[in-house]
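J.: Next up, target-v9.tsv (TSV, C-alpha atoms).
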chain	number	residue	atom	x	y	z
Y	1	MET	CA	0.00	0.00	0.00
Y	2	GLU	CA	1.65	3.19	-1.19
Y	3	TYR	CA	0.73	6.74	-0.24
Y	4	GLN	CA	2.08	10.01	-1.53
Y	5	GLU	CA	3.30	12.80	0.76
Y	6	LYS	CA	0.24	14.86	-0.14
Y	7	ASP	CA	-2.01	12.13	1.25
Y	8	TYR	CA	-0.25	12.29	4.60
Y	9	GLN	CA	-0.36	16.09	4.59
Y	10	LYS	CA	-4.10	15.84	4.04
Y	11	VAL	CA	-4.39	13.68	7.16
Y	12	ILE	CA	-2.24	16.11	9.17
Y	13	ASP	CA	-4.45	18.98	8.02
Y	14	LEU	CA	-7.48	16.98	9.11
Y	15	ILE	CA	-6.03	16.50	12.58
Y	16	HIS	CA	-5.21	20.21	12.81
Y	17	SER	CA	-8.87	20.95	12.13
Y	18	THR	CA	-9.80	19.40	15.50
Y	19	LYS	CA	-8.12	22.25	17.41
Y	20	LYS	CA	-11.20	24.40	17.85
Y	21	MET	CA	-13.38	21.60	19.20
Y	22	ILE	CA	-10.64	20.65	21.69
Y	23	ILE	CA	-9.74	24.15	22.86
Y	24	ASP	CA	-13.34	25.40	23.02
Y	25	GLY	CA	-14.68	22.14	24.45
Y	26	SER	CA	-12.12	21.99	27.23
Y	27	SER	CA	-13.67	25.02	28.96
Y	28	ALA	CA	-16.93	23.23	29.80
Y	29	ILE	CA	-16.25	19.52	29.91
Y	30	GLN	CA	-18.92	16.90	30.53
Y	31	ILE	CA	-17.27	13.85	32.06
Y	32	THR	CA	-18.21	10.17	32.14
Y	33	GLU	CA	-16.20	7.75	34.29
Y	34	LYS	CA	-15.45	4.49	32.45
Y	35	GLY	CA	-13.49	2.99	35.34
Y	36	PRO	CA	-11.13	3.97	38.17
Y	37	SER	CA	-9.21	7.06	36.98
Y	38	ASP	CA	-10.46	6.35	33.43
Y	39	PHE	CA	-12.63	9.07	31.94
Y	40	VAL	CA	-14.20	10.04	28.65
Y	41	THR	CA	-15.45	13.52	27.84
Y	42	GLN	CA	-17.69	14.91	25.14
Y	43	VAL	CA	-14.49	16.28	23.59
Y	44	ASP	CA	-13.08	12.75	23.15
Y	45	LEU	CA	-16.34	11.60	21.58
Y	46	ARG	CA	-16.74	14.66	19.34
Y	47	VAL	CA	-13.18	14.44	18.02
Y	48	GLN	CA	-13.47	10.70	17.47
Y	49	GLU	CA	-16.79	10.98	15.63
Y	50	TYR	CA	-15.40	13.71	13.41
Y	51	MET	CA	-12.12	11.91	12.66
Y	52	ILE	CA	-13.82	8.59	11.90
Y	53	ALA	CA	-16.31	10.25	9.55
Y	54	GLU	CA	-13.55	12.09	7.66
Y	55	LEU	CA	-11.23	9.09	7.47
Y	56	LYS	CA	-14.06	6.92	6.15
Y	57	ARG	CA	-14.92	9.59	3.59
Y	58	HIS	CA	-11.37	9.90	2.27
Y	59	TYR	CA	-10.21	6.29	2.81
Y	60	PRO	CA	-13.31	4.06	2.82
Y	61	HIS	CA	-11.24	0.88	2.32
Y	62	ILE	CA	-9.20	1.30	5.52
Y	63	GLN	CA	-10.44	-0.01	8.89
Y	64	ILE	CA	-10.43	2.20	11.97
Y	65	MET	CA	-9.39	1.19	15.48
Y	66	ALA	CA	-10.19	3.89	18.06
Y	67	GLU	CA	-10.24	4.20	21.83
Y	68	GLU	CA	-13.91	5.04	22.29
Y	69	LYS	CA	-15.39	2.35	20.02
Y	70	GLU	CA	-15.68	-1.41	19.82
Y	71	ASN	CA	-12.72	-2.89	17.94
Y	72	HIS	CA	-13.57	-6.60	17.97
Y	73	TYR	CA	-13.73	-6.91	14.20
Y	74	VAL	CA	-10.50	-5.09	13.37
Y	75	ASP	CA	-8.20	-7.31	11.30
Y	76	LEU	CA	-4.57	-6.36	11.87
Y	77	PHE	CA	-3.57	-8.30	8.77
Y	78	GLN	CA	-5.28	-5.55	6.77
Y	79	PRO	CA	-4.67	-1.77	6.73
Y	80	VAL	CA	-6.03	0.06	9.76
Y	81	TRP	CA	-5.99	3.58	11.19
Y	82	ILE	CA	-5.23	3.56	14.93
Y	83	LEU	CA	-6.76	6.61	16.61
Y	84	ASP	CA	-6.67	8.12	20.06
Y	85	PRO	CA	-8.99	11.14	19.81
Y	86	ILE	CA	-7.66	12.62	23.05
Y	87	ASP	CA	-4.60	11.17	24.70
Y	88	GLY	CA	-4.32	12.79	28.11
Y	89	THR	CA	-8.02	13.06	28.95
Y	90	THR	CA	-7.34	13.55	32.66
Y	91	ASN	CA	-5.00	16.42	31.75
Y	92	LEU	CA	-7.77	17.92	29.63
Y	93	ILE	CA	-10.28	17.66	32.47
Y	94	HIS	CA	-7.93	19.54	34.79
Y	95	GLY	CA	-6.92	22.20	32.28
Y	96	PHE	CA	-3.34	20.89	32.30
Y	97	ARG	CA	-2.99	21.72	28.58
Y	98	HIS	CA	-0.95	18.63	27.75
Y	99	SER	CA	-3.09	16.40	25.55
Y	100	SER	CA	-2.89	15.21	21.99
Y	101	VAL	CA	-4.69	13.71	19.03
Y	102	SER	CA	-2.74	10.60	18.00
Y	103	LEU	CA	-3.21	8.76	14.71
Y	104	ALA	CA	-1.19	6.00	13.07
Y	105	LEU	CA	-1.56	3.96	9.90
Y	106	TYR	CA	-0.70	0.26	10.09
Y	107	ASP	CA	-0.61	-1.38	6.64
Y	108	GLY	CA	-1.18	-4.96	7.84
Y	109	LYS	CA	2.52	-5.63	8.37
Y	110	ARG	CA	4.06	-2.51	9.89
Y	111	LEU	CA	3.46	1.07	10.95
Y	112	VAL	CA	3.88	3.35	7.94
Y	113	PHE	CA	2.69	6.73	9.22
Y	114	GLY	CA	2.07	8.42	12.55
Y	115	VAL	CA	1.13	11.87	13.79
Y	116	VAL	CA	0.81	13.30	17.32
Y	117	TYR	CA	-0.69	16.79	17.61
Y	118	ASN	CA	-0.87	18.96	20.74
Y	119	PRO	CA	-3.36	21.76	19.96
Y	120	PHE	CA	-2.38	23.69	23.09
Y	121	THR	CA	1.25	24.12	21.98
Y	122	GLU	CA	0.69	23.86	18.20
Y	123	GLU	CA	3.32	21.14	18.04
Y	124	THR	CA	2.82	18.48	15.38
Y	125	PHE	CA	5.07	15.43	15.39
Y	126	HIS	CA	4.84	13.12	12.40
Y	127	ALA	CA	6.78	10.21	10.96
Y	128	VAL	CA	6.73	8.29	7.69
Y	129	ALA	CA	8.31	4.84	7.50
Y	130	GLY	CA	11.75	5.12	5.93
Y	131	LYS	CA	11.62	8.91	5.76
Y	132	GLY	CA	12.24	10.06	9.31
Y	133	SER	CA	10.48	11.93	12.09
Y	134	TYR	CA	9.54	15.59	12.14
Y	135	LEU	CA	8.41	18.31	14.53
Y	136	ASN	CA	6.47	21.02	12.70
Y	137	ASN	CA	8.06	19.71	9.48
Y	138	LYS	CA	11.63	19.96	10.74
Y	139	ARG	CA	13.59	16.69	10.96
Y	140	VAL	CA	14.26	15.47	14.50
Y	141	GLN	CA	16.49	12.82	16.03
Y	142	VAL	CA	16.76	11.11	19.38
Y	143	SER	CA	19.27	12.22	21.99
Y	144	GLY	CA	22.88	11.19	21.64
Y	145	GLU	CA	23.31	10.50	25.36
Y	146	LYS	CA	25.04	7.16	25.90
Y	147	THR	CA	24.56	6.46	29.61
Y	148	LEU	CA	21.47	5.99	31.76
Y	149	ASP	CA	22.88	8.00	34.65
Y	150	LYS	CA	22.90	11.14	32.50
Y	151	SER	CA	19.47	10.46	30.97
Y	152	LEU	CA	16.10	12.11	31.59
Y	153	ILE	CA	13.42	9.41	31.72
Y	154	ILE	CA	9.67	9.85	31.34
Y	155	VAL	CA	7.61	7.37	33.35
Y	156	GLY	CA	4.04	6.17	33.15
Y	157	THR	CA	1.98	5.21	36.19
Y	158	ALA	CA	-0.67	3.01	34.52
Y	159	SER	CA	-3.27	5.00	36.46
Y	160	TYR	CA	-6.19	2.85	35.23
Y	161	TYR	CA	-4.57	-0.22	36.81
Y	162	LYS	CA	-3.77	0.81	40.36
Y	163	ASN	CA	-3.54	-2.84	41.40
Y	164	THR	CA	-0.19	-2.91	39.57
Y	165	SER	CA	1.12	0.25	41.23
Y	166	GLU	CA	3.41	-1.39	43.80
Y	167	GLU	CA	5.39	-3.29	41.18
Y	168	ASN	CA	5.36	-0.33	38.79
Y	169	PHE	CA	6.53	2.20	41.37
Y	170	GLU	CA	9.31	-0.16	42.43
Y	171	ALA	CA	10.51	-0.10	38.82
Y	172	ILE	CA	10.15	3.68	38.72
Y	173	TYR	CA	12.18	3.94	41.92
Y	174	ARG	CA	14.95	1.77	40.46
Y	175	VAL	CA	15.04	3.90	37.33
Y	176	PHE	CA	15.01	7.11	39.38
Y	177	ARG	CA	18.01	5.87	41.36
Y	178	SER	CA	19.84	5.04	38.12
Y	179	CYS	CA	19.06	8.02	35.86
Y	180	GLN	CA	19.52	11.79	36.08
Y	181	ASP	CA	15.84	12.49	36.80
Y	182	ILE	CA	12.30	11.43	35.90
Y	183	ARG	CA	9.16	13.14	34.55
Y	184	ARG	CA	5.48	12.13	34.37
Y	185	SER	CA	3.22	13.90	31.85
Y	186	GLY	CA	0.06	11.77	31.56
Y	187	ALA	CA	0.03	11.44	27.76
Y	188	ALA	CA	2.03	8.51	26.39
Y	189	SER	CA	1.85	9.69	22.78
Y	190	LEU	CA	3.55	12.94	23.73
Y	191	ASP	CA	6.05	11.12	25.96
Y	192	LEU	CA	7.12	9.07	22.95
Y	193	ALA	CA	7.19	12.17	20.76
Y	194	TYR	CA	9.50	13.86	23.28
Y	195	VAL	CA	11.87	10.89	23.15
Y	196	SER	CA	11.87	11.14	19.35
Y	197	CYS	CA	13.05	14.76	19.39
Y	198	GLY	CA	15.61	14.35	22.18
Y	199	ARG	CA	13.77	16.12	24.99
Y	200	ALA	CA	14.13	12.93	27.03
Y	201	GLU	CA	16.26	9.84	26.57
Y	202	GLY	CA	13.63	7.25	27.43
Y	203	PHE	CA	10.09	6.35	28.42
Y	204	PHE	CA	8.44	3.29	29.92
Y	205	GLU	CA	4.98	2.23	31.13
Y	206	PRO	CA	3.56	-1.22	31.93
Y	207	ILE	CA	0.03	-1.20	30.44
Y	208	LEU	CA	-0.81	0.81	27.33
Y	209	LYS	CA	-3.30	0.26	24.52
Y	210	PRO	CA	-2.42	0.31	20.80
Y	211	TRP	CA	-3.90	3.80	20.29
Y	212	ASP	CA	-1.72	5.16	23.11
Y	213	ILE	CA	1.55	4.13	21.47
Y	214	ALA	CA	1.21	3.37	17.74
Y	215	ALA	CA	2.04	6.81	16.35
Y	216	GLY	CA	4.63	7.50	19.03
Y	217	MET	CA	6.43	4.22	18.41
Y	218	LEU	CA	6.99	5.12	14.78
Y	219	LEU	CA	8.18	8.58	15.79
Y	220	VAL	CA	10.85	7.05	18.03
Y	221	GLN	CA	11.93	4.44	15.51
Y	222	GLU	CA	12.18	6.87	12.60
Y	223	ALA	CA	14.15	9.32	14.76
Y	224	GLY	CA	16.81	6.65	15.33
Y	225	GLY	CA	15.55	5.26	18.62
Y	226	LYS	CA	14.41	1.85	19.78
Y	227	THR	CA	11.20	0.38	21.19
Y	228	SER	CA	10.54	-2.99	22.81
Y	229	ARG	CA	8.61	-4.71	25.53
Y	230	TYR	CA	10.16	-5.06	28.99
Y	231	ASN	CA	11.35	-8.53	27.98
Y	232	GLY	CA	13.12	-7.11	24.94
Y	233	TYR	CA	10.63	-8.56	22.44
Y	234	GLU	CA	8.86	-6.57	19.74
Y	235	VAL	CA	5.83	-4.52	20.77
Y	236	LYS	CA	2.64	-5.86	19.16
Y	237	LEU	CA	-0.47	-3.78	18.50
Y	238	ASP	CA	-3.13	-6.44	19.09
Y	239	LYS	CA	-3.62	-5.84	22.84
Y	240	ALA	CA	-2.48	-3.85	25.88
Y	241	THR	CA	1.26	-4.07	26.41
Y	242	ASP	CA	4.24	-2.78	28.33
Y	243	ILE	CA	6.67	-0.61	26.38
Y	244	VAL	CA	10.17	0.76	26.66
Y	245	ALA	CA	11.26	3.46	24.21
Y	246	ASP	CA	14.58	5.26	24.17
Y	247	ASN	CA	17.40	6.62	22.05
Y	248	GLY	CA	18.75	3.11	21.44
Y	249	LYS	CA	22.05	3.83	23.17
Y	250	ILE	CA	20.75	3.21	26.69
Y	251	HIS	CA	18.31	0.44	25.80
Y	252	GLU	CA	20.01	-2.58	27.35
Y	253	SER	CA	20.95	-0.85	30.61
Y	254	PHE	CA	17.48	0.73	30.77
Y	255	LEU	CA	15.76	-2.65	30.39
Y	256	LYS	CA	18.01	-4.19	33.02
Y	257	VAL	CA	17.08	-1.57	35.60
Y	258	ILE	CA	13.35	-1.72	34.80
Y	259	LYS	CA	13.32	-5.51	35.24
Y	260	GLY	CA	15.44	-5.26	38.41
Please express what this file holds, its structure, as structure tokens.

T.:
Amino acid sequence: MEYQEKDYQKVIDLIHSTKKMIIDGSSAIQITEKGPSDFVTQVDLRVQEYMIAELKRHYPHIQIMAEEKENHYVDLFQPVWILDPIDGTTNLIHGFRHSSVSLALYDGKRLVFGVVYNPFTEETFHAVAGKGSYLNNKRVQVSGEKTLDKSLIIVGTASYYKNTSEENFEAIYRVFRSCQDIRRSGAASLDLAYVSCGRAEGFFEPILKPWDIAAGMLLVQEAGGKTSRYNGYEVKLDKATDIVADNGKIHESFLKVIKG
């Protein structure tokens, strides 16, 4: 499946067109609780409905996997859009202004395109397989730092799964003791984007869904970094998974510390 650059630019333009509904909608949010610390707002639903309708209109032959819909019939052996309409919903609810729209295209074999857009900062990260990663259309690369002790690491707390918190925070503590410092932002897509452009050397979190990580994974990989599961195996997009992403230079030592 081949796409021209203009096709991807059309998708990026589509994502940019969600800005008004996110910025305006965030001032008067209606919230529904899906589970412990897991929320959906009318902004999530409005952005998802709009994006799905537009993607179906322009690419009717491509499936869509999205956070706020049933995905039982998605066939990952066929092309699929992977959409998170709002990554960082809790941030949005609190006016933290650190949320994104994340969209990736998986062609049935591999990720071929990804975009992560923060409407509050007007930063757009995108990647095309084999052609690199970009921030606002300027090429970016991962950090050149070679040691974990001089690395800034972004952590994820798996806030929807507090029953795993003891094990997770033990891993975070080990990493904190071994690195320069840690950060926690609450939006995995942006965490991965920040690794791709060298703002941090690494990121890890134990339980993330495909729409949380698909676009960000490609950003990291195309910027020269590395992604894997905690066990070092390839990250799959068929279910929730743990993930480690970094500049590639600290990967083995990073994994070792996470696993303890």

J.: Can you tell me, as JSON, numbers by chain, what residues are no more than 9 Å from Gly198 in chain Y when counting only C-alpha atoms, ignoring any on the same chain fewer than 5 positions away?

T.: {"Y": [140, 141, 142, 143, 144, 193, 247]}

J.: Using CA of Glu167 in chain Y and CA of Asp149 in chain Y as the two end points, give the distance in Å to one decimal.

T.: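 One can read the CA of Glu167 in chain Y to CA of Asp149 in chain Y distance as 21.8 Å.
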
J.: Go ahead and compute the interatomic distance for CA of Glu70 in chain Y and CA of Gly108 in chain Y, in Å to one decimal.

T.: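 CA of Gly108 in chain Y lies at a distance of 19.1 Å from CA of Glu70 in chain Y.
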
J.: Report, in Å to a single decimal, how far apart CA of His251 in chain Y and CA of Gly202 in chain Y are.

T.: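 Pair CA of Gly202 in chain Y / CA of His251 in chain Y returns 8.4 Å.
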
J.: Find the residues with any atom within 6 Å of (1.8, -1.6, 23.4); use all atoms listed in the file and the coordinates as given in the file, and write the answer as a ChimeraX atom specification.

T.: /Y:208-210,235,237,240-243

J.: Pick out the closest residue to Glu123 in chain Y from this set: Y:Ile213, Y:Val175, Y:Ile207, Y:Cys197. Count all atoms listed in the file.

T.: Y:Cys197

J.: Would you kindly return, as a list in words, each protein, DNA or RNA residue with an atom no farther than 10 Å from any atom of range 228-233 of chain Y, considering all atoms listed in the file and excluding same-chain residues fewer than 4 positions away?

T.: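 Skipping anything fewer than 4 positions along the chain leaves Phe204, Glu205, Pro206, Met217, Thr241, Asp242, Ile243, Val244, Ala245, Asp246, His251, Glu252, Phe254, Leu255, Lys256, Ile258 and Lys259 of chain Y.
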
J.: Would you list the contacts of Leu148 in chain Y as a list in words, taking every protein, DNA or RNA residue within 9 Å and counting only C-alpha atoms, but skipping same-chain residues closer than 4 positions in sequence?

T.: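 Everything that qualifies: Leu152, Ile153, Val175, Ser178, Cys179, Gln180, Glu201, Lys249, Ile250, His251, Ser253 and Phe254 of chain Y.
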
J.: Choose the residue, out of Y:Ile93, Y:Ala158, Y:Gly260, Y:Thr147, that has the smallest atom-to-atom separation from Gly248 in chain Y; count all atoms listed in the file.

T.: Y:Thr147

J.: With distances taken over all atoms listed in the file, which of Y:Ile22, Y:Ala223, Y:Ala171, Y:Leu55 is nearest to Lys10 in chain Y?

T.: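 Result for the nearest residue to Lys10 in chain Y: Y:Leu55.
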
J.: Which residue, Y:Tyr73, Y:Trp211, Y:Phe120, Y:Phe113, has the smallest gap to Leu92 in chain Y when you use all atoms listed in the file?

T.: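 That would be Y:Phe120, the residue with the smallest distance to Leu92 in chain Y.
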
J.: Restricting the calculation to only C-alpha atoms, which member of Y:Ser99, Y:Thr164, Y:Ser159, Y:Thr124 is positioned closest to Asp87 in chain Y?

T.: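 Among the listed residues, Y:Ser99 lies closest to Asp87 in chain Y.
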
J.: Hey, which of Y:Arg57, Y:Arg174, Y:His16, Y:Lys236 ends up closest to Phe125 in chain Y? Count all atoms listed in the file.

T.: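 For Phe125 in chain Y, the nearest of the candidates is Y:His16.
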